[in-house]
>>> print(open('work_27.cif').read())   # mmCIF, C-alpha atoms, pLDDT in the B column; chains and numbers go by the auth columns
data_target
#
loop_
_atom_site.group_PDB
_atom_site.id
_atom_site.type_symbol
_atom_site.label_atom_id
_atom_site.label_comp_id
_atom_site.label_asym_id
_atom_site.label_seq_id
_atom_site.Cartn_x
_atom_site.Cartn_y
_atom_site.Cartn_z
_atom_site.B_iso_or_equiv
_atom_site.auth_seq_id
_atom_site.auth_asym_id
ATOM 1 C CA MET A 1 -128.329 71.474 15.787 92.00 358 L
ATOM 2 C CA ILE A 2 -127.967 68.563 18.105 97.00 359 L
ATOM 3 C CA ASP A 3 -127.582 64.825 17.439 98.00 360 L
ATOM 4 C CA VAL A 4 -130.082 62.775 19.400 98.00 361 L
ATOM 5 C CA LEU A 5 -129.413 59.040 19.755 98.00 362 L
ATOM 6 C CA TYR A 6 -131.745 56.312 20.986 98.00 363 L
ATOM 7 C CA PHE A 7 -130.830 52.848 22.206 98.00 364 L
ATOM 8 C CA ALA A 8 -132.582 49.574 23.062 98.00 365 L
ATOM 9 C CA TRP A 9 -136.363 49.870 23.580 98.00 366 L
ATOM 10 C CA VAL A 10 -136.205 53.655 23.343 98.00 367 L
ATOM 11 C CA ARG A 11 -134.883 53.227 19.783 98.00 368 L
ATOM 12 C CA GLU A 12 -137.580 50.647 19.039 97.00 369 L
ATOM 13 C CA ARG A 13 -140.398 52.863 20.332 97.00 370 L
ATOM 14 C CA ILE A 14 -139.222 55.911 18.446 97.00 371 L
ATOM 15 C CA GLY A 15 -138.401 53.867 15.368 97.00 372 L
ATOM 16 C CA LEU A 16 -134.968 55.259 14.575 97.00 373 L
ATOM 17 C CA PRO A 17 -131.459 55.108 16.055 98.00 374 L
ATOM 18 C CA ARG A 18 -130.552 58.771 15.682 98.00 375 L
ATOM 19 C CA GLU A 19 -131.713 62.078 14.324 98.00 376 L
ATOM 20 C CA ARG A 20 -130.522 65.650 14.018 98.00 377 L
ATOM 21 C CA ILE A 21 -132.729 68.155 15.780 96.00 378 L
ATOM 22 C CA GLU A 22 -132.923 71.908 15.563 96.00 379 L
ATOM 23 C CA THR A 23 -133.711 72.986 19.096 96.00 380 L
ATOM 24 C CA SER A 24 -133.197 75.800 21.513 93.00 381 L
ATOM 25 C CA ALA A 25 -134.258 73.742 24.538 97.00 382 L
ATOM 26 C CA PRO A 26 -132.211 74.940 27.519 98.00 383 L
ATOM 27 C CA THR A 27 -132.209 71.581 29.344 98.00 384 L
ATOM 28 C CA VAL A 28 -132.652 67.875 28.596 98.00 385 L
ATOM 29 C CA ARG A 29 -136.097 68.023 30.204 98.00 386 L
ATOM 30 C CA ASP A 30 -137.115 70.831 27.818 98.00 387 L
ATOM 31 C CA LEU A 31 -135.857 68.820 24.849 98.00 388 L
ATOM 32 C CA ILE A 32 -137.975 65.863 25.983 98.00 389 L
ATOM 33 C CA ALA A 33 -141.003 68.157 26.263 98.00 390 L
ATOM 34 C CA GLU A 34 -140.396 69.370 22.691 97.00 391 L
ATOM 35 C CA LEU A 35 -140.105 65.816 21.383 97.00 392 L
ATOM 36 C CA THR A 36 -143.142 64.446 23.205 97.00 393 L
ATOM 37 C CA ALA A 37 -145.249 67.329 21.872 96.00 394 L
ATOM 38 C CA ARG A 38 -144.318 66.250 18.342 94.00 395 L
ATOM 39 C CA GLU A 39 -145.675 62.742 17.984 94.00 396 L
ATOM 40 C CA GLU A 40 -147.135 59.903 19.983 96.00 397 L
ATOM 41 C CA ARG A 41 -144.134 57.609 19.540 97.00 398 L
ATOM 42 C CA TYR A 42 -142.002 60.084 21.500 98.00 399 L
ATOM 43 C CA GLU A 43 -144.652 60.271 24.182 96.00 400 L
ATOM 44 C CA LEU A 44 -144.528 56.476 24.433 96.00 401 L
ATOM 45 C CA ALA A 45 -140.750 56.408 24.655 97.00 402 L
ATOM 46 C CA PHE A 46 -140.527 59.180 27.268 98.00 403 L
ATOM 47 C CA ALA A 47 -143.591 58.213 29.324 96.00 404 L
ATOM 48 C CA ASP A 48 -141.565 57.173 32.360 96.00 405 L
ATOM 49 C CA LEU A 49 -138.355 59.124 32.905 96.00 406 L
ATOM 50 C CA GLU A 50 -137.545 56.992 35.953 95.00 407 L
ATOM 51 C CA SER A 51 -136.832 54.131 33.564 95.00 408 L
ATOM 52 C CA LEU A 52 -134.609 56.242 31.311 97.00 409 L
ATOM 53 C CA ARG A 53 -131.050 57.479 31.412 98.00 410 L
ATOM 54 C CA VAL A 54 -129.444 60.293 29.464 98.00 411 L
ATOM 55 C CA ALA A 55 -125.886 60.864 28.298 98.00 412 L
ATOM 56 C CA LEU A 56 -124.554 64.217 27.095 98.00 413 L
ATOM 57 C CA ASP A 57 -121.556 63.962 24.782 98.00 414 L
ATOM 58 C CA GLN A 58 -121.147 60.338 25.926 98.00 415 L
ATOM 59 C CA GLU A 59 -121.131 61.077 29.665 97.00 416 L
ATOM 60 C CA LEU A 60 -124.015 60.033 31.919 97.00 417 L
ATOM 61 C CA SER A 61 -125.938 63.103 32.952 98.00 418 L
ATOM 62 C CA SER A 62 -129.264 64.236 34.400 98.00 419 L
ATOM 63 C CA PHE A 63 -132.535 65.460 32.932 98.00 420 L
ATOM 64 C CA ASP A 64 -132.003 68.917 34.409 98.00 421 L
ATOM 65 C CA ALA A 65 -128.586 69.339 32.821 98.00 422 L
ATOM 66 C CA PRO A 66 -128.175 72.306 30.450 98.00 423 L
ATOM 67 C CA LEU A 67 -127.788 71.609 26.723 98.00 424 L
ATOM 68 C CA ALA A 68 -125.632 74.635 25.913 96.00 425 L
ATOM 69 C CA GLY A 69 -122.579 73.467 23.955 96.00 426 L
ATOM 70 C CA VAL A 70 -123.734 69.837 23.870 98.00 427 L
ATOM 71 C CA ARG A 71 -123.385 68.102 20.497 98.00 428 L
ATOM 72 C CA GLU A 72 -124.773 64.655 21.249 98.00 429 L
ATOM 73 C CA VAL A 73 -127.648 63.605 23.500 98.00 430 L
ATOM 74 C CA ALA A 74 -128.423 59.918 23.997 98.00 431 L
ATOM 75 C CA PHE A 75 -131.483 58.367 25.630 98.00 432 L
ATOM 76 C CA PHE A 76 -131.538 54.765 26.798 98.00 433 L
ATOM 77 C CA PRO A 77 -132.817 52.410 29.493 98.00 434 L
ATOM 78 C CA PRO A 78 -130.594 51.498 32.462 97.00 435 L
ATOM 79 C CA MET A 79 -127.531 49.663 31.148 97.00 436 L
ATOM 80 C CA THR A 80 -127.166 45.906 31.319 96.00 437 L
ATOM 81 C CA GLY A 81 -123.521 45.192 30.613 95.00 438 L
ATOM 82 C CA GLY A 82 -121.307 42.442 31.949 92.00 439 L
ATOM 83 C CA MET B 1 -104.297 47.669 30.203 94.00 1434 E
ATOM 84 C CA ARG B 2 -106.258 46.504 27.246 97.00 1435 E
ATOM 85 C CA LEU B 3 -109.893 46.999 26.282 98.00 1436 E
ATOM 86 C CA VAL B 4 -111.531 45.165 23.394 98.00 1437 E
ATOM 87 C CA VAL B 5 -115.120 45.721 22.241 98.00 1438 E
ATOM 88 C CA GLN B 6 -115.912 43.318 19.431 98.00 1439 E
ATOM 89 C CA ALA B 7 -118.671 41.341 17.746 98.00 1440 E
ATOM 90 C CA ALA B 8 -116.494 38.279 17.139 97.00 1441 E
ATOM 91 C CA PRO B 9 -116.282 35.411 19.638 97.00 1442 E
ATOM 92 C CA PHE B 10 -113.096 35.137 21.670 97.00 1443 E
ATOM 93 C CA ASP B 11 -111.117 32.210 22.994 97.00 1444 E
ATOM 94 C CA LEU B 12 -111.229 32.403 26.752 96.00 1445 E
ATOM 95 C CA GLY B 13 -108.234 30.124 27.297 97.00 1446 E
ATOM 96 C CA ALA B 14 -106.060 31.845 24.701 98.00 1447 E
ATOM 97 C CA GLU B 15 -106.904 35.297 26.081 98.00 1448 E
ATOM 98 C CA ALA B 16 -106.142 34.231 29.660 97.00 1449 E
ATOM 99 C CA ASN B 17 -102.849 32.659 28.573 98.00 1450 E
ATOM 100 C CA ASP B 18 -101.788 35.706 26.546 98.00 1451 E
ATOM 101 C CA PHE B 19 -102.672 37.975 29.435 98.00 1452 E
ATOM 102 C CA ALA B 20 -100.627 35.935 31.927 97.00 1453 E
ATOM 103 C CA ALA B 21 -97.705 35.490 29.537 97.00 1454 E
ATOM 104 C CA GLY B 22 -97.248 39.236 29.113 93.00 1455 E
ATOM 105 C CA LEU B 23 -97.004 40.022 32.826 97.00 1456 E
ATOM 106 C CA ARG B 24 -93.931 41.206 34.710 94.00 1457 E
ATOM 107 C CA GLY B 25 -93.947 41.300 38.498 93.00 1458 E
ATOM 108 C CA ALA B 26 -97.356 39.715 39.023 97.00 1459 E
ATOM 109 C CA GLY B 27 -98.043 36.910 41.474 97.00 1460 E
ATOM 110 C CA ALA B 28 -101.800 36.663 40.957 98.00 1461 E
ATOM 111 C CA VAL B 29 -104.205 36.630 38.036 98.00 1462 E
ATOM 112 C CA VAL B 30 -107.983 36.676 38.453 98.00 1463 E
ATOM 113 C CA THR B 31 -110.270 36.131 35.487 98.00 1464 E
ATOM 114 C CA PHE B 32 -114.039 36.340 35.278 98.00 1465 E
ATOM 115 C CA THR B 33 -116.102 35.306 32.262 97.00 1466 E
ATOM 116 C CA GLY B 34 -119.774 36.014 31.658 97.00 1467 E
ATOM 117 C CA LEU B 35 -121.711 33.527 29.520 96.00 1468 E
ATOM 118 C CA VAL B 36 -125.068 33.704 27.763 95.00 1469 E
ATOM 119 C CA ARG B 37 -127.398 31.731 30.035 92.00 1470 E
ATOM 120 C CA ASP B 38 -129.437 29.128 28.202 87.00 1471 E
ATOM 121 C CA ASN B 39 -132.204 29.226 30.835 84.00 1472 E
ATOM 122 C CA GLY B 40 -132.640 25.485 30.645 85.00 1473 E
ATOM 123 C CA GLY B 41 -132.880 25.524 26.857 83.00 1474 E
ATOM 124 C CA ALA B 42 -135.514 28.315 26.758 86.00 1475 E
ATOM 125 C CA LEU B 43 -133.074 30.884 25.445 89.00 1476 E
ATOM 126 C CA SER B 44 -131.579 30.474 22.002 88.00 1477 E
ATOM 127 C CA ALA B 45 -129.640 33.708 21.529 95.00 1478 E
ATOM 128 C CA MET B 46 -128.916 37.127 22.898 96.00 1479 E
ATOM 129 C CA GLU B 47 -128.585 40.400 21.035 98.00 1480 E
ATOM 130 C CA ILE B 48 -126.338 42.989 22.611 98.00 1481 E
ATOM 131 C CA GLU B 49 -126.570 46.594 21.556 98.00 1482 E
ATOM 132 C CA HIS B 50 -124.003 49.178 22.597 98.00 1483 E
ATOM 133 C CA TYR B 51 -123.144 52.839 22.210 98.00 1484 E
ATOM 134 C CA PRO B 52 -119.927 52.980 20.157 98.00 1485 E
ATOM 135 C CA GLY B 53 -117.642 55.657 21.519 97.00 1486 E
ATOM 136 C CA MET B 54 -119.302 55.943 24.904 98.00 1487 E
ATOM 137 C CA THR B 55 -118.649 52.243 25.531 98.00 1488 E
ATOM 138 C CA GLU B 56 -114.881 52.653 25.181 98.00 1489 E
ATOM 139 C CA ARG B 57 -114.915 55.882 27.181 97.00 1490 E
ATOM 140 C CA ALA B 58 -117.002 54.485 30.037 98.00 1491 E
ATOM 141 C CA ILE B 59 -115.015 51.251 30.347 98.00 1492 E
ATOM 142 C CA GLY B 60 -111.713 53.112 30.006 98.00 1493 E
ATOM 143 C CA LYS B 61 -112.730 55.317 32.898 97.00 1494 E
ATOM 144 C CA ILE B 62 -113.710 52.334 35.040 97.00 1495 E
ATOM 145 C CA MET B 63 -110.347 50.676 34.265 98.00 1496 E
ATOM 146 C CA ASP B 64 -108.484 53.879 35.193 98.00 1497 E
ATOM 147 C CA GLN B 65 -110.320 53.970 38.513 98.00 1498 E
ATOM 148 C CA ALA B 66 -109.411 50.347 39.205 98.00 1499 E
ATOM 149 C CA ARG B 67 -105.767 51.086 38.482 97.00 1500 E
ATOM 150 C CA ASP B 68 -105.830 54.082 40.830 97.00 1501 E
ATOM 151 C CA ARG B 69 -107.379 52.087 43.653 98.00 1502 E
ATOM 152 C CA TRP B 70 -105.458 48.838 43.545 98.00 1503 E
ATOM 153 C CA ALA B 71 -101.863 47.924 42.831 96.00 1504 E
ATOM 154 C CA LEU B 72 -102.533 46.276 39.472 98.00 1505 E
ATOM 155 C CA THR B 73 -99.829 44.967 37.207 98.00 1506 E
ATOM 156 C CA ASP B 74 -102.274 44.811 34.307 98.00 1507 E
ATOM 157 C CA ALA B 75 -105.980 44.571 33.435 98.00 1508 E
ATOM 158 C CA LEU B 76 -107.965 43.326 30.469 98.00 1509 E
ATOM 159 C CA VAL B 77 -111.621 43.777 29.515 98.00 1510 E
ATOM 160 C CA ILE B 78 -113.185 42.090 26.488 98.00 1511 E
ATOM 161 C CA HIS B 79 -116.888 42.714 25.813 98.00 1512 E
ATOM 162 C CA ARG B 80 -118.866 41.499 22.839 98.00 1513 E
ATOM 163 C CA PHE B 81 -121.865 42.970 21.080 98.00 1514 E
ATOM 164 C CA GLY B 82 -124.200 41.768 18.330 98.00 1515 E
ATOM 165 C CA ARG B 83 -125.848 38.362 18.199 98.00 1516 E
ATOM 166 C CA LEU B 84 -124.546 35.713 20.592 97.00 1517 E
ATOM 167 C CA LEU B 85 -125.700 32.140 20.967 96.00 1518 E
ATOM 168 C CA ALA B 86 -126.619 30.491 24.252 93.00 1519 E
ATOM 169 C CA ARG B 87 -123.566 29.398 26.301 93.00 1520 E
ATOM 170 C CA GLU B 88 -121.149 31.626 24.371 96.00 1521 E
ATOM 171 C CA PRO B 89 -118.861 33.921 26.360 97.00 1522 E
ATOM 172 C CA ILE B 90 -120.191 37.514 26.449 98.00 1523 E
ATOM 173 C CA MET B 91 -117.266 39.178 28.147 98.00 1524 E
ATOM 174 C CA MET B 92 -114.250 38.653 30.291 98.00 1525 E
ATOM 175 C CA VAL B 93 -112.263 40.586 32.819 98.00 1526 E
ATOM 176 C CA ALA B 94 -108.708 39.747 33.851 98.00 1527 E
ATOM 177 C CA THR B 95 -106.689 41.485 36.527 98.00 1528 E
ATOM 178 C CA ALA B 96 -103.119 40.885 37.630 98.00 1529 E
ATOM 179 C CA ALA B 97 -101.385 42.047 40.783 98.00 1530 E
ATOM 180 C CA ALA B 98 -98.476 41.138 43.029 98.00 1531 E
ATOM 181 C CA HIS B 99 -100.923 39.550 45.482 97.00 1532 E
ATOM 182 C CA ARG B 100 -104.383 38.081 45.070 98.00 1533 E
ATOM 183 C CA ALA B 101 -106.371 40.519 47.240 98.00 1534 E
ATOM 184 C CA ASP B 102 -105.824 43.392 44.804 98.00 1535 E
ATOM 185 C CA ALA B 103 -106.557 41.203 41.784 98.00 1536 E
ATOM 186 C CA PHE B 104 -109.822 39.849 43.263 98.00 1537 E
ATOM 187 C CA ALA B 105 -111.058 43.243 44.470 98.00 1538 E
ATOM 188 C CA ALA B 106 -110.269 44.992 41.181 98.00 1539 E
ATOM 189 C CA ALA B 107 -111.995 42.239 39.164 98.00 1540 E
ATOM 190 C CA GLU B 108 -115.145 42.554 41.293 98.00 1541 E
ATOM 191 C CA PHE B 109 -115.058 46.331 41.047 98.00 1542 E
ATOM 192 C CA LEU B 110 -114.709 46.160 37.247 98.00 1543 E
ATOM 193 C CA MET B 111 -117.599 43.706 37.000 97.00 1544 E
ATOM 194 C CA ASP B 112 -119.898 45.745 39.243 96.00 1545 E
ATOM 195 C CA TYR B 113 -119.272 48.871 37.202 96.00 1546 E
ATOM 196 C CA LEU B 114 -119.495 47.134 33.827 97.00 1547 E
ATOM 197 C CA LYS B 115 -122.950 45.843 34.806 95.00 1548 E
ATOM 198 C CA SER B 116 -124.536 49.239 35.299 93.00 1549 E
ATOM 199 C CA ARG B 117 -122.199 51.860 33.844 96.00 1550 E
ATOM 200 C CA ALA B 118 -121.066 50.428 30.514 98.00 1551 E
ATOM 201 C CA PRO B 119 -123.604 51.273 27.776 98.00 1552 E
ATOM 202 C CA PHE B 120 -124.675 47.790 26.710 98.00 1553 E
ATOM 203 C CA TRP B 121 -128.247 46.549 26.465 98.00 1554 E
ATOM 204 C CA LYS B 122 -129.126 42.876 26.291 97.00 1555 E
ATOM 205 C CA LYS B 123 -132.087 41.407 24.516 97.00 1556 E
ATOM 206 C CA GLU B 124 -132.909 37.757 25.085 95.00 1557 E
ATOM 207 C CA ILE B 125 -134.287 35.755 22.186 94.00 1558 E
ATOM 208 C CA GLY B 126 -136.353 32.948 23.636 90.00 1559 E
ATOM 209 C CA ALA B 127 -139.234 30.677 22.773 85.00 1560 E
ATOM 210 C CA ASP B 128 -141.692 33.490 23.619 85.00 1561 E
ATOM 211 C CA GLY B 129 -139.917 35.948 21.360 90.00 1562 E
ATOM 212 C CA PRO B 130 -137.450 38.720 22.134 95.00 1563 E
ATOM 213 C CA SER B 131 -137.382 40.680 25.370 95.00 1564 E
ATOM 214 C CA TRP B 132 -135.054 43.333 26.751 97.00 1565 E
ATOM 215 C CA VAL B 133 -133.224 42.346 29.911 95.00 1566 E
ATOM 216 C CA ALA B 134 -134.200 44.745 32.708 94.00 1567 E
ATOM 217 C CA ALA B 135 -131.507 46.229 34.912 93.00 1568 E
ATOM 218 C CA ARG B 136 -131.602 44.772 38.419 92.00 1569 E
ATOM 219 C CA ASP B 137 -131.779 46.920 41.538 91.00 1570 E
ATOM 220 C CA GLU B 138 -129.128 44.695 43.153 93.00 1571 E
ATOM 221 C CA ASP B 139 -126.669 45.650 40.423 92.00 1572 E
ATOM 222 C CA GLU B 140 -127.138 49.352 41.117 91.00 1573 E
ATOM 223 C CA GLU B 141 -127.002 48.630 44.851 93.00 1574 E
ATOM 224 C CA ALA B 142 -123.702 46.758 44.382 92.00 1575 E
ATOM 225 C CA LEU B 143 -121.941 49.984 43.364 93.00 1576 E
ATOM 226 C CA LYS B 144 -122.444 51.450 46.817 93.00 1577 E
ATOM 227 C CA ARG B 145 -119.899 49.132 48.397 93.00 1578 E
ATOM 228 C CA TRP B 146 -117.103 50.759 46.419 93.00 1579 E
#
>>> encode(input="work_27.cif", output="structure tokens")
Amino acid sequence: MIDVLYFAWVRERIGLPRERIETSAPTVRDLIAELTAREERYELAFADLESLRVALDQELSSFDAPLAGVREVAFFPPMTGG
Amino acid sequence: MRLVVQAAPFDLGAEANDFAAGLRGAGAVVTFTGLVRDNGGALSAMEIEHYPGMTERAIGKIMDQARDRWALTDALVIHRFGRLLAREPIMMVATAAAHRADAFAAAEFLMDYLKSRAPFWKKEIGADGPSWVAARDEDEEALKRW
């Protein structure tokens, strides 16, 4: 089980801030493929990976990163702090 | 070093005074404050979303890096989230050092990293409805100078 979190317009497109997912996806990219195959709203949210960022256990990471041992995955647009 | 992530407004003057009053051995204090732009009256409010947990971690890391790179006496970061009205302060950074060069450089470094590496997302509420603020290429580009 893995906690998947969504922020900003990713959250709005998917329609929820977080969910628990049973997955055996080896990488972030595989997890995205699983999600987009599920429903259109995921396809909409993940249509352009260039405009998305991913954090694994609250550290910025990459789409090819392995998910083994990861408890929390977060997807969001580029950050706009400050 | 102090980091505050809060929804409540803060008093810029009081924070700057408290920061300066607590210093020992500093000869320079630099403060920067970011405000909600009103865009000539077109923007009424801003909603700031963040990633609790990662926010504190990411900013803490940035502050540690600043302390490693410059001879800082102290540093402070305050960043708000939630609904903010036009012209309200969003965040502030304060740095203190024996001499101004370190304080200025560290404040700029903190700001550049907060812009693109602290997990906040801004949504502007204007006359045309809400819209997410897009990250700017210049902000990402700015990190390269460090």
>>> resolve_selection(input="work_27.cif", expression="the PyMOL selection byres ((chain E) within 7 of (chain L))", output="PDB file with C-alpha atoms, in the coordinates of the input")
ATOM      1  CA  GLY E1467    -119.774  36.014  31.658  1.00 97.00           C
ATOM      2  CA  GLU E1482    -126.570  46.594  21.556  1.00 98.00           C
ATOM      3  CA  MET E1487    -119.302  55.943  24.904  1.00 98.00           C
ATOM      4  CA  MET E1524    -117.266  39.178  28.147  1.00 98.00           C
ATOM      5  CA  MET E1544    -117.599  43.706  37.000  1.00 97.00           C
ATOM      6  CA  LEU E1547    -119.495  47.134  33.827  1.00 97.00           C
ATOM      7  CA  LYS E1548    -122.950  45.843  34.806  1.00 95.00           C
ATOM      8  CA  SER E1549    -124.536  49.239  35.299  1.00 93.00           C
ATOM      9  CA  ARG E1550    -122.199  51.860  33.844  1.00 96.00           C
ATOM     10  CA  ALA E1551    -121.066  50.428  30.514  1.00 98.00           C
ATOM     11  CA  PRO E1552    -123.604  51.273  27.776  1.00 98.00           C
ATOM     12  CA  PHE E1553    -124.675  47.790  26.710  1.00 98.00           C
ATOM     13  CA  TRP E1554    -128.247  46.549  26.465  1.00 98.00           C
ATOM     14  CA  LYS E1555    -129.126  42.876  26.291  1.00 97.00           C
ATOM     15  CA  ALA E1568    -131.507  46.229  34.912  1.00 93.00           C
TER      16      ALA E1568
END
>>> axis_aligned_box(input="work_27.cif", around="stretch 1546-1554 of chain E", padding_each_side="5 Å", output="lines of an AutoDock Vina configuration file")
center_x = -123.8
center_y = 48.9
center_z = 31.8
size_x = 19.0
size_y = 16.0
size_z = 20.7
>>> resolve_selection(input="work_27.cif", expression="the PyMOL selection byres ((chain E and resi 1527) around 6)", output="MDAnalysis selection string")
chainID E and resid 1463:1464 1508:1509 1526 1528
>>> residues_around(input="work_27.cif", residues="E:Ile1523", least_positions_apart="3", cutoff="7 Å", atoms="only C-alpha atoms", output="PDB file with C-alpha atoms, in the frame of the given file")
ATOM      1  CA  GLY E1467    -119.774  36.014  31.658  1.00 97.00           C
ATOM      2  CA  LEU E1468    -121.711  33.527  29.520  1.00 96.00           C
ATOM      3  CA  VAL E1469    -125.068  33.704  27.763  1.00 95.00           C
ATOM      4  CA  HIS E1512    -116.888  42.714  25.813  1.00 98.00           C
ATOM      5  CA  ARG E1513    -118.866  41.499  22.839  1.00 98.00           C
TER       6      ARG E1513
END
>>> residues_around(input="work_27.cif", residues="L:Val427", least_positions_apart="3", cutoff="10 Å", atoms="all atoms listed in the file", output="list of chain:residue names")
L:Met358, L:Ile359, L:Asp360, L:Leu413, L:Asp414, L:Pro423, L:Leu424, L:Val430
>>> residues_around(input="work_27.cif", residues="stretch 401-406 of chain L", least_positions_apart="4", cutoff="7 Å", atoms="all atoms listed in the file", output="ChimeraX atom specification")
/L:367,370-371,397
>>> closest_residue(input="work_27.cif", among="L:Arg410, L:Arg368, L:Arg377, L:Arg386", to="L:Arg428", atoms="all atoms listed in the file")
L:Arg377
>>> residues_around(input="work_27.cif", residues="E:Asn1472", least_positions_apart="6", cutoff="10 Å", atoms="only C-alpha atoms", output="ChimeraX atom specification")
/E:1519-1520,1559
>>> resolve_selection(input="work_27.cif", expression="the PyMOL selection byres ((chain E and resi 1443) around 10)", output="JSON, numbers by chain")
{"E": [1439, 1440, 1441, 1442, 1444, 1445, 1446, 1447, 1448, 1511, 1512, 1513, 1521, 1522, 1523, 1524, 1525]}
>>> write_last_selection(input="work_27.cif", atoms="C-alpha atoms", output="compact mmCIF listing (two decimals), in the frame of the given file")
# COMPACT_ATOMS: atom_id res chain seq x y z
CA GLN E 1439 -115.91 43.32 19.43
CA ALA E 1440 -118.67 41.34 17.75
CA ALA E 1441 -116.49 38.28 17.14
CA PRO E 1442 -116.28 35.41 19.64
CA ASP E 1444 -111.12 32.21 22.99
CA LEU E 1445 -111.23 32.40 26.75
CA GLY E 1446 -108.23 30.12 27.30
CA ALA E 1447 -106.06 31.84 24.70
CA GLU E 1448 -106.90 35.30 26.08
CA ILE E 1511 -113.18 42.09 26.49
CA HIS E 1512 -116.89 42.71 25.81
CA ARG E 1513 -118.87 41.50 22.84
CA GLU E 1521 -121.15 31.63 24.37
CA PRO E 1522 -118.86 33.92 26.36
CA ILE E 1523 -120.19 37.51 26.45
CA MET E 1524 -117.27 39.18 28.15
CA MET E 1525 -114.25 38.65 30.29
>>> build_atoms(input="work_27.cif", residues="stretch 411-430 of chain L", atoms="N, CA and C atoms", output="compact mmCIF listing (two decimals), in the frame of the given file")
# COMPACT_ATOMS: atom_id res chain seq x y z
N VAL L 411 -129.88 59.40 30.54
CA VAL L 411 -129.44 60.29 29.46
C VAL L 411 -127.93 60.49 29.53
N ALA L 412 -127.31 60.54 28.37
CA ALA L 412 -125.89 60.86 28.30
C ALA L 412 -125.72 62.10 27.43
N LEU L 413 -124.87 63.02 27.88
CA LEU L 413 -124.55 64.22 27.10
C LEU L 413 -123.10 64.10 26.66
N ASP L 414 -122.90 64.16 25.34
CA ASP L 414 -121.56 63.96 24.78
C ASP L 414 -120.87 62.74 25.40
N GLN L 415 -121.64 61.65 25.51
CA GLN L 415 -121.15 60.34 25.93
C GLN L 415 -120.78 60.24 27.40
N GLU L 416 -121.32 61.17 28.22
CA GLU L 416 -121.13 61.08 29.66
C GLU L 416 -122.52 61.03 30.29
N LEU L 417 -122.73 60.10 31.23
CA LEU L 417 -124.02 60.03 31.92
C LEU L 417 -124.33 61.38 32.55
N SER L 418 -125.59 61.79 32.45
CA SER L 418 -125.94 63.10 32.95
C SER L 418 -127.33 63.05 33.59
N SER L 419 -127.94 64.22 33.78
CA SER L 419 -129.26 64.24 34.40
C SER L 419 -130.23 65.01 33.51
N PHE L 420 -131.52 64.82 33.77
CA PHE L 420 -132.54 65.46 32.93
C PHE L 420 -132.57 66.99 33.10
N ASP L 421 -132.01 67.47 34.19
CA ASP L 421 -132.00 68.92 34.41
C ASP L 421 -130.72 69.58 33.90
N ALA L 422 -129.85 68.79 33.31
CA ALA L 422 -128.59 69.34 32.82
C ALA L 422 -128.82 70.30 31.65
N PRO L 423 -128.04 71.37 31.57
CA PRO L 423 -128.18 72.31 30.45
C PRO L 423 -127.63 71.71 29.15
N LEU L 424 -128.20 72.14 28.03
CA LEU L 424 -127.79 71.61 26.72
C LEU L 424 -126.82 72.53 25.98
N ALA L 425 -126.53 73.67 26.58
CA ALA L 425 -125.63 74.64 25.91
C ALA L 425 -124.29 73.97 25.61
N GLY L 426 -123.87 74.02 24.35
CA GLY L 426 -122.58 73.47 23.96
C GLY L 426 -122.57 71.96 23.74
N VAL L 427 -123.68 71.30 24.03
CA VAL L 427 -123.73 69.84 23.87
C VAL L 427 -123.97 69.48 22.40
N ARG L 428 -123.22 68.50 21.90
CA ARG L 428 -123.38 68.10 20.50
C ARG L 428 -124.21 66.82 20.34
N GLU L 429 -124.14 65.97 21.37
CA GLU L 429 -124.77 64.66 21.25
C GLU L 429 -125.53 64.30 22.53
N VAL L 430 -126.82 64.03 22.37
CA VAL L 430 -127.65 63.60 23.50
C VAL L 430 -128.09 62.17 23.23
